[in-house]
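Undergrad: Below: one structure in structure tokens.
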Amino acid sequence: MPASADKDMEASLAPYAARSAGSRGRRFAEPPAGSRTEFQRDRDRIVHSTAFRRLEYKTQVFVNHEGDLFRTRLTHSIEVAQIARSIARNLRLNEDLVEAISLAHDLGHTPFGHAGQDALNACMESYGGFEHNLQSLRVVDKLEERYGAFDGLNLMFETREGILKHCSIPNAQLLGEIGQRFIDKKQPTLEAQLANLADEIAYNNHDIDDGLRSGLLSIEQLGEVDFFARHRREAEAAYPGIGGRRMINETVRRMINALIIDLIRTSEERIREAGVQNLDDVRGAPALISFSDAMRQEELWLKRFLRENLYRHYQVNRMTSKARRIVRELFEAFMAEPRLLAPDYQAGDGDSSRQARKVADYIAGMTDRYAMREHRRLFMIDEI
Ligand code: MG
């Protein structure tokens, strides 16, 4: 295929979609891919990265060794990409960009989900903190070692911007061009906005599914959530007598579908009302990819239910407490004795901020099981 691949493949997109041709490009100029659009190329680079493979052994709520049936960050990222792509196709947005952002959005996550992230952030308090979105960007900009000419994956600006979903103002000020929108209070591409909401759709629904599977949540408890109860009644009306896993799957499937349809309709309407003609208009408009107010309310109830009943379940608390301890103890041990680290992770110049960032990179890159094993290796005398 000639170098016009971008143009041909992106010709049918909406005028306000992101395009390779109108992109702010890569930090290090590269010749065009030819057979792929630039965003397909980004997606491929992400899939081949080391950090992407590690997602298989990282978790959000459950710890990786707890069972084979739970979502990992890898399967979560694939679910987000699937949801985001199907919505993007309906809105004529750039599917390749939305897929690249979705697959990369969790690359910077620590082991043990939010417990790990909070613990590492607390450890890094006097060294600039730790934010997982910023770390995802750091992985694709700096930490991946795959190319001779540059550090990282040298992704397109719009892919990097989508990965940096949130960012504190002090950090935004340090980042230059990529952080500018947080200072100017501007929006990213519609594809970035979409990947963000596809993430919410995916995790709320799979946390219900995994919560039920683990036995930490019961169907009776979920009856409190009107959104679940309504779709359960629909599933039972369609398939009288249905029970067990089929009933749960038929219910969750309907919930995901309702969220997707609402998001498509509401976003179409908001895009039309805003009258955006191009990507610049999108950046200056309010967020246009959105749920309706009614659906937003349903989602908030669902989130509250999950927070109270699953994320703070005592069995989850036990695991997150251990996870926090492991992360904190690893951090403290490495900071006290940097020579316990492999040479690449030793700052070697006595600069504690630089050393702390290297330790944070090392810990953030660990999978759940690697962190547990490393902890045993450091603290158990008979483990090598
Ligand atoms: Mg996610």
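If you're wondering about the labels, chains in the structure tokens are A, B, ... by order shown, residues count from 1 in each chain, ligands from 1 in order shown.
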When the cut-off is 9 Å and you count only C-alpha atoms and all ligand atoms, which residues lie near ligand 1, shown as a list in words?
TA: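 Going residue by residue within 9 Å of ligand 1, we get Gln60, Arg73, His76, Ser77, Val80, Ser102, His105, Asp106, Asn196, Ala198, Asp199, Glu200, Ala202 and Tyr203 of chain A.
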Undergrad: Which residues, written as a PDB file with N, CA, C and O atoms, in the first residue's frame, have at least one atom at most 9 Å from Asp96 of chain A, with only C-alpha atoms counted and residues fewer than 5 positions away on the same chain left out?
TA:
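Once written, result_15.pdb looks like this:
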```pdb
ATOM      1  N   THR A  37      -2.009   3.247   9.136  1.00  0.00           N
ATOM      2  CA  THR A  37      -2.098   4.650   9.537  1.00  0.00           C
ATOM      3  C   THR A  37      -1.139   4.830  10.718  1.00  0.00           C
ATOM      4  O   THR A  37      -0.712   3.857  11.352  1.00  0.00           O
ATOM      5  N   GLU A  38      -0.833   6.073  11.022  1.00  0.00           N
ATOM      6  CA  GLU A  38       0.097   6.341  12.123  1.00  0.00           C
ATOM      7  C   GLU A  38      -0.479   5.852  13.460  1.00  0.00           C
ATOM      8  O   GLU A  38       0.260   5.448  14.345  1.00  0.00           O
ATOM      9  N   PHE A  39      -1.794   5.902  13.589  1.00  0.00           N
ATOM     10  CA  PHE A  39      -2.391   5.455  14.857  1.00  0.00           C
ATOM     11  C   PHE A  39      -2.441   3.929  14.946  1.00  0.00           C
ATOM     12  O   PHE A  39      -2.346   3.361  16.033  1.00  0.00           O
ATOM     13  N   GLN A  40      -2.563   3.267  13.793  1.00  0.00           N
ATOM     14  CA  GLN A  40      -2.446   1.794  13.810  1.00  0.00           C
ATOM     15  C   GLN A  40      -1.045   1.412  14.260  1.00  0.00           C
ATOM     16  O   GLN A  40      -0.839   0.464  15.008  1.00  0.00           O
ATOM     17  N   ARG A  41      -0.094   2.175  13.771  1.00  0.00           N
ATOM     18  CA  ARG A  41       1.294   1.908  14.132  1.00  0.00           C
ATOM     19  C   ARG A  41       1.507   2.074  15.644  1.00  0.00           C
ATOM     20  O   ARG A  41       2.195   1.269  16.274  1.00  0.00           O
ATOM     21  N   ASP A  42       0.882   3.106  16.206  1.00  0.00           N
ATOM     22  CA  ASP A  42       0.967   3.297  17.663  1.00  0.00           C
ATOM     23  C   ASP A  42       0.372   2.097  18.386  1.00  0.00           C
ATOM     24  O   ASP A  42       0.955   1.573  19.342  1.00  0.00           O
ATOM     25  N   ARG A  43      -0.814   1.686  17.933  1.00  0.00           N
ATOM     26  CA  ARG A  43      -1.473   0.535  18.552  1.00  0.00           C
ATOM     27  C   ARG A  43      -0.543  -0.680  18.528  1.00  0.00           C
ATOM     28  O   ARG A  43      -0.368  -1.378  19.517  1.00  0.00           O
ATOM     29  N   ARG A  85     -14.030   0.996  20.599  1.00  0.00           N
ATOM     30  CA  ARG A  85     -14.059   0.902  19.133  1.00  0.00           C
ATOM     31  C   ARG A  85     -15.476   0.854  18.603  1.00  0.00           C
ATOM     32  O   ARG A  85     -15.788   1.469  17.596  1.00  0.00           O
ATOM     33  N   ILE A 101      -5.199   4.239  22.535  1.00  0.00           N
ATOM     34  CA  ILE A 101      -5.315   4.844  23.871  1.00  0.00           C
ATOM     35  C   ILE A 101      -5.854   3.810  24.872  1.00  0.00           C
ATOM     36  O   ILE A 101      -5.323   3.679  25.985  1.00  0.00           O
TER      37      ILE A 101
END
```
Undergrad: List the neighbours of segment 16-33 of chain A out to 8 Å using only C-alpha atoms; skip same-chain residues closer than 2 positions along the sequence, and give me the result as a PyMOL selection string.
TA: chain A and resi 3+6-7+10+13-14+35-39+41+92-94+97+150+154-158+189-191+276-279+281-282
Undergrad: Given the selection you just returned, output its residues as a file containing N, CA, C and O atoms, formatted as a compact mmCIF listing (two decimals), in the first residue's frame.
TA:
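What ended up in part_15.txt:
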```
# COMPACT_ATOMS: atom_id res chain seq x y z
N ALA A 3 2.08 5.31 0.53
CA ALA A 3 2.18 6.12 1.74
C ALA A 3 0.91 6.91 2.02
O ALA A 3 0.80 7.59 3.02
N ASP A 6 -2.88 6.64 5.26
CA ASP A 6 -3.58 7.46 6.23
C ASP A 6 -4.82 8.09 5.63
O ASP A 6 -5.91 8.02 6.18
N LYS A 7 -4.62 8.69 4.46
CA LYS A 7 -5.71 9.41 3.82
C LYS A 7 -6.85 8.48 3.46
O LYS A 7 -8.00 8.73 3.74
N GLU A 10 -8.63 6.96 6.56
CA GLU A 10 -9.27 7.91 7.47
C GLU A 10 -10.26 8.82 6.75
O GLU A 10 -10.85 9.72 7.34
N LEU A 13 -13.97 9.33 8.10
CA LEU A 13 -14.20 9.77 9.48
C LEU A 13 -14.93 11.11 9.51
O LEU A 13 -14.91 11.88 8.54
N ALA A 14 -15.57 11.38 10.65
CA ALA A 14 -16.25 12.67 10.83
C ALA A 14 -15.22 13.80 10.79
O ALA A 14 -14.05 13.57 11.11
N SER A 35 1.94 1.09 5.05
CA SER A 35 0.83 0.14 5.01
C SER A 35 -0.15 0.30 6.16
O SER A 35 -1.15 -0.41 6.22
N ARG A 36 0.14 1.18 7.07
CA ARG A 36 -0.75 1.37 8.22
C ARG A 36 -0.93 2.87 8.45
O ARG A 36 -0.07 3.65 8.08
N THR A 37 -2.01 3.25 9.14
CA THR A 37 -2.10 4.65 9.54
C THR A 37 -1.14 4.83 10.72
O THR A 37 -0.71 3.86 11.35
N GLU A 38 -0.83 6.07 11.02
CA GLU A 38 0.10 6.34 12.12
C GLU A 38 -0.48 5.85 13.46
O GLU A 38 0.26 5.45 14.34
N PHE A 39 -1.79 5.90 13.59
CA PHE A 39 -2.39 5.45 14.86
C PHE A 39 -2.44 3.93 14.95
O PHE A 39 -2.35 3.36 16.03
N ARG A 41 -0.09 2.17 13.77
CA ARG A 41 1.29 1.91 14.13
C ARG A 41 1.51 2.07 15.64
O ARG A 41 2.19 1.27 16.27
N ARG A 92 -18.24 7.76 14.01
CA ARG A 92 -17.26 8.01 12.94
C ARG A 92 -15.99 8.70 13.49
O ARG A 92 -15.46 9.62 12.89
N LEU A 93 -15.57 8.25 14.65
CA LEU A 93 -14.30 8.72 15.21
C LEU A 93 -13.20 7.76 14.79
O LEU A 93 -13.46 6.70 14.20
N ASN A 94 -11.97 8.10 15.13
CA ASN A 94 -10.81 7.31 14.69
C ASN A 94 -10.65 6.06 15.57
O ASN A 94 -10.16 6.13 16.70
N LEU A 97 -7.03 5.23 16.80
CA LEU A 97 -6.54 6.05 17.91
C LEU A 97 -7.20 5.61 19.22
O LEU A 97 -6.53 5.46 20.24
N PHE A 150 15.65 6.30 19.98
CA PHE A 150 15.00 7.07 21.04
C PHE A 150 14.55 6.16 22.18
O PHE A 150 14.44 4.95 22.02
N ASN A 154 7.87 6.49 21.14
CA ASN A 154 7.73 7.61 20.21
C ASN A 154 6.33 7.63 19.58
O ASN A 154 6.19 7.62 18.35
N LEU A 155 5.32 7.69 20.42
CA LEU A 155 3.93 7.66 19.92
C LEU A 155 3.50 9.05 19.44
O LEU A 155 4.13 10.05 19.75
N MET A 156 2.37 9.05 18.72
CA MET A 156 1.79 10.30 18.23
C MET A 156 1.29 11.15 19.40
O MET A 156 0.86 10.62 20.43
N PHE A 157 1.30 12.46 19.20
CA PHE A 157 0.87 13.39 20.24
C PHE A 157 -0.51 13.02 20.78
O PHE A 157 -0.73 12.98 22.00
N GLU A 158 -1.47 12.74 19.89
CA GLU A 158 -2.85 12.49 20.30
C GLU A 158 -2.98 11.19 21.10
O GLU A 158 -3.86 11.08 21.96
N THR A 189 -8.85 15.15 22.32
CA THR A 189 -9.65 14.65 21.19
C THR A 189 -10.90 13.93 21.71
O THR A 189 -10.94 13.46 22.86
N LEU A 190 -11.88 13.77 20.84
CA LEU A 190 -13.08 13.00 21.22
C LEU A 190 -12.70 11.55 21.48
O LEU A 190 -13.30 10.87 22.30
N GLU A 191 -11.67 11.08 20.77
CA GLU A 191 -11.22 9.70 20.96
C GLU A 191 -10.69 9.50 22.39
O GLU A 191 -10.94 8.46 23.01
N VAL A 276 -19.33 21.58 16.33
CA VAL A 276 -17.88 21.50 16.08
C VAL A 276 -17.60 21.02 14.64
O VAL A 276 -18.26 20.12 14.15
N GLN A 277 -16.64 21.66 14.00
CA GLN A 277 -16.32 21.34 12.60
C GLN A 277 -14.97 20.63 12.47
O GLN A 277 -14.68 20.04 11.45
N ASN A 278 -14.15 20.78 13.49
CA ASN A 278 -12.81 20.20 13.39
C ASN A 278 -12.25 19.98 14.81
O ASN A 278 -12.90 20.30 15.80
N LEU A 279 -11.04 19.46 14.84
CA LEU A 279 -10.43 19.10 16.13
C LEU A 279 -10.18 20.33 17.01
O LEU A 279 -10.31 20.25 18.23
N ASP A 281 -12.06 22.95 17.22
CA ASP A 281 -13.35 23.27 17.86
C ASP A 281 -13.59 22.32 19.04
O ASP A 281 -14.08 22.74 20.08
N VAL A 282 -13.24 21.05 18.84
CA VAL A 282 -13.43 20.05 19.90
C VAL A 282 -12.63 20.44 21.14
O VAL A 282 -13.12 20.37 22.27
```
Undergrad: Show me a table, sorted first by chain and then by increasing residue number, of the residues of segment 120-229 of chain A having an atom at most 10 Å from segment 241-263 of chain A, each with its shortest atom pair and the distance in Å to one decimal, counting only C-alpha atoms and written as a tab-separated table.
TA:
```
residue	atom	partner	partner_atom	distance
A:Leu194	CA	A:Leu263	CA	9.1
A:Leu197	CA	A:Leu263	CA	8.7
A:Ala198	CA	A:Ile260	CA	8.4
A:Ile201	CA	A:Ile256	CA	6.7
A:Ala202	CA	A:Ile256	CA	7.8
A:Asn204	CA	A:Ile256	CA	9.4
A:Asn205	CA	A:Val252	CA	6.4
A:His206	CA	A:Val252	CA	8.2
A:Ile208	CA	A:Val252	CA	8.1
A:Asp209	CA	A:Ile248	CA	7.4
A:Leu212	CA	A:Ile248	CA	8.5
A:Arg213	CA	A:Arg245	CA	8.7
A:Ile219	CA	A:Ile248	CA	8.5
A:Phe227	CA	A:Met255	CA	7.5
A:Phe228	CA	A:Thr251	CA	7.0
A:Ala229	CA	A:Thr251	CA	8.6
```
Undergrad: Give me, please, the distance in Å between atom CA of Arg181 of chain A and atom CA of Asp293 of chain A, quoted to one decimal.
TA: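 These atoms are spaced 25.3 Å apart.
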Undergrad: So, counting only C-alpha atoms, which residue among A:Lys165, A:Arg377, A:Arg233, A:Arg53 is closest to Leu340 of chain A?
TA: A:Arg377
Undergrad: Any idea what's packed within 12 Å of His48 of chain A, counting only C-alpha atoms, ignoring anything in its chain fewer than 3 positions away? Could you give it as a PDB file with N, CA, C and O atoms, in the first residue's frame?
TA:
```pdb
ATOM      1  N   ARG A  41      -0.094   2.175  13.771  1.00  0.00           N
ATOM      2  CA  ARG A  41       1.294   1.908  14.132  1.00  0.00           C
ATOM      3  C   ARG A  41       1.507   2.074  15.644  1.00  0.00           C
ATOM      4  O   ARG A  41       2.195   1.269  16.274  1.00  0.00           O
ATOM      5  N   ASP A  42       0.882   3.106  16.206  1.00  0.00           N
ATOM      6  CA  ASP A  42       0.967   3.297  17.663  1.00  0.00           C
ATOM      7  C   ASP A  42       0.372   2.097  18.386  1.00  0.00           C
ATOM      8  O   ASP A  42       0.955   1.573  19.342  1.00  0.00           O
ATOM      9  N   ARG A  43      -0.814   1.686  17.933  1.00  0.00           N
ATOM     10  CA  ARG A  43      -1.473   0.535  18.552  1.00  0.00           C
ATOM     11  C   ARG A  43      -0.543  -0.680  18.528  1.00  0.00           C
ATOM     12  O   ARG A  43      -0.368  -1.378  19.517  1.00  0.00           O
ATOM     13  N   ASP A  44       0.096  -0.905  17.392  1.00  0.00           N
ATOM     14  CA  ASP A  44       0.980  -2.069  17.250  1.00  0.00           C
ATOM     15  C   ASP A  44       2.189  -1.962  18.181  1.00  0.00           C
ATOM     16  O   ASP A  44       2.617  -2.943  18.785  1.00  0.00           O
ATOM     17  N   ARG A  45       2.730  -0.752  18.301  1.00  0.00           N
ATOM     18  CA  ARG A  45       3.880  -0.566  19.205  1.00  0.00           C
ATOM     19  C   ARG A  45       3.491  -0.868  20.648  1.00  0.00           C
ATOM     20  O   ARG A  45       4.272  -1.436  21.408  1.00  0.00           O
ATOM     21  N   ALA A  51       5.599  -3.502  28.833  1.00  0.00           N
ATOM     22  CA  ALA A  51       4.605  -3.100  29.840  1.00  0.00           C
ATOM     23  C   ALA A  51       3.239  -3.698  29.516  1.00  0.00           C
ATOM     24  O   ALA A  51       2.483  -4.055  30.420  1.00  0.00           O
ATOM     25  N   PHE A  52       2.925  -3.826  28.232  1.00  0.00           N
ATOM     26  CA  PHE A  52       1.622  -4.400  27.842  1.00  0.00           C
ATOM     27  C   PHE A  52       1.546  -5.865  28.252  1.00  0.00           C
ATOM     28  O   PHE A  52       0.534  -6.316  28.787  1.00  0.00           O
ATOM     29  N   ARG A  53       2.608  -6.603  28.030  1.00  0.00           N
ATOM     30  CA  ARG A  53       2.595  -8.026  28.404  1.00  0.00           C
ATOM     31  C   ARG A  53       2.435  -8.203  29.910  1.00  0.00           C
ATOM     32  O   ARG A  53       1.810  -9.138  30.385  1.00  0.00           O
ATOM     33  N   ARG A  54       3.019  -7.270  30.669  1.00  0.00           N
ATOM     34  CA  ARG A  54       2.923  -7.397  32.125  1.00  0.00           C
ATOM     35  C   ARG A  54       1.505  -7.188  32.647  1.00  0.00           C
ATOM     36  O   ARG A  54       1.197  -7.585  33.772  1.00  0.00           O
ATOM     37  N   ALA A 100      -5.640   2.455  20.387  1.00  0.00           N
ATOM     38  CA  ALA A 100      -4.281   2.659  20.932  1.00  0.00           C
ATOM     39  C   ALA A 100      -4.355   3.225  22.349  1.00  0.00           C
ATOM     40  O   ALA A 100      -3.679   2.737  23.267  1.00  0.00           O
ATOM     41  N   LEU A 103      -5.709   0.519  24.850  1.00  0.00           N
ATOM     42  CA  LEU A 103      -4.764  -0.550  25.187  1.00  0.00           C
ATOM     43  C   LEU A 103      -3.623  -0.035  26.064  1.00  0.00           C
ATOM     44  O   LEU A 103      -3.020  -0.788  26.815  1.00  0.00           O
ATOM     45  N   ALA A 104      -3.340   1.272  25.972  1.00  0.00           N
ATOM     46  CA  ALA A 104      -2.210   1.826  26.737  1.00  0.00           C
ATOM     47  C   ALA A 104      -2.634   2.464  28.051  1.00  0.00           C
ATOM     48  O   ALA A 104      -1.771   2.804  28.862  1.00  0.00           O
ATOM     49  N   VAL A 140       5.488   4.967  27.989  1.00  0.00           N
ATOM     50  CA  VAL A 140       5.556   5.051  26.516  1.00  0.00           C
ATOM     51  C   VAL A 140       6.551   6.104  26.043  1.00  0.00           C
ATOM     52  O   VAL A 140       7.036   6.037  24.915  1.00  0.00           O
ATOM     53  N   GLU A 144      10.135   2.273  28.056  1.00  0.00           N
ATOM     54  CA  GLU A 144      10.260   1.153  27.122  1.00  0.00           C
ATOM     55  C   GLU A 144      11.572   1.291  26.351  1.00  0.00           C
ATOM     56  O   GLU A 144      11.903   2.378  25.863  1.00  0.00           O
ATOM     57  N   GLU A 145      12.297   0.194  26.249  1.00  0.00           N
ATOM     58  CA  GLU A 145      13.590   0.230  25.534  1.00  0.00           C
ATOM     59  C   GLU A 145      13.493  -0.672  24.324  1.00  0.00           C
ATOM     60  O   GLU A 145      13.759  -1.858  24.393  1.00  0.00           O
ATOM     61  N   ARG A 146      13.054  -0.119  23.197  1.00  0.00           N
ATOM     62  CA  ARG A 146      12.852  -0.954  22.011  1.00  0.00           C
ATOM     63  C   ARG A 146      13.534  -0.426  20.764  1.00  0.00           C
ATOM     64  O   ARG A 146      13.692  -1.140  19.785  1.00  0.00           O
ATOM     65  N   LEU A 153       8.363   4.662  23.068  1.00  0.00           N
ATOM     66  CA  LEU A 153       7.753   4.155  21.833  1.00  0.00           C
ATOM     67  C   LEU A 153       7.552   5.250  20.791  1.00  0.00           C
ATOM     68  O   LEU A 153       7.082   4.970  19.691  1.00  0.00           O
TER      69      LEU A 153
END
```
Undergrad: Could you name the residues that touch Glu308 of chain A at 12 Å or less, counting only C-alpha atoms, but leaving out those on the same chain fewer than 6 positions away, as number ranges by chain?
TA: A: 216-217, 221-222, 301-302, 314, 316-317
Undergrad: Using only C-alpha atoms, which of the listed residues (A:Ser126, A:Ser353, A:Ser267, A:Thr72) sits closest to Gly113 of chain A?
TA: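 Checking each candidate against Gly113 of chain A, we get A:Thr72 as the closest.
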Undergrad: Quick one: distance from atom CA of Ala84 of chain A to atom CA of Ala172 of chain A in Å, one decimal?
TA: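 Computing the Euclidean distance for atom CA of Ala84 of chain A and atom CA of Ala172 of chain A yields 26.1 Å.
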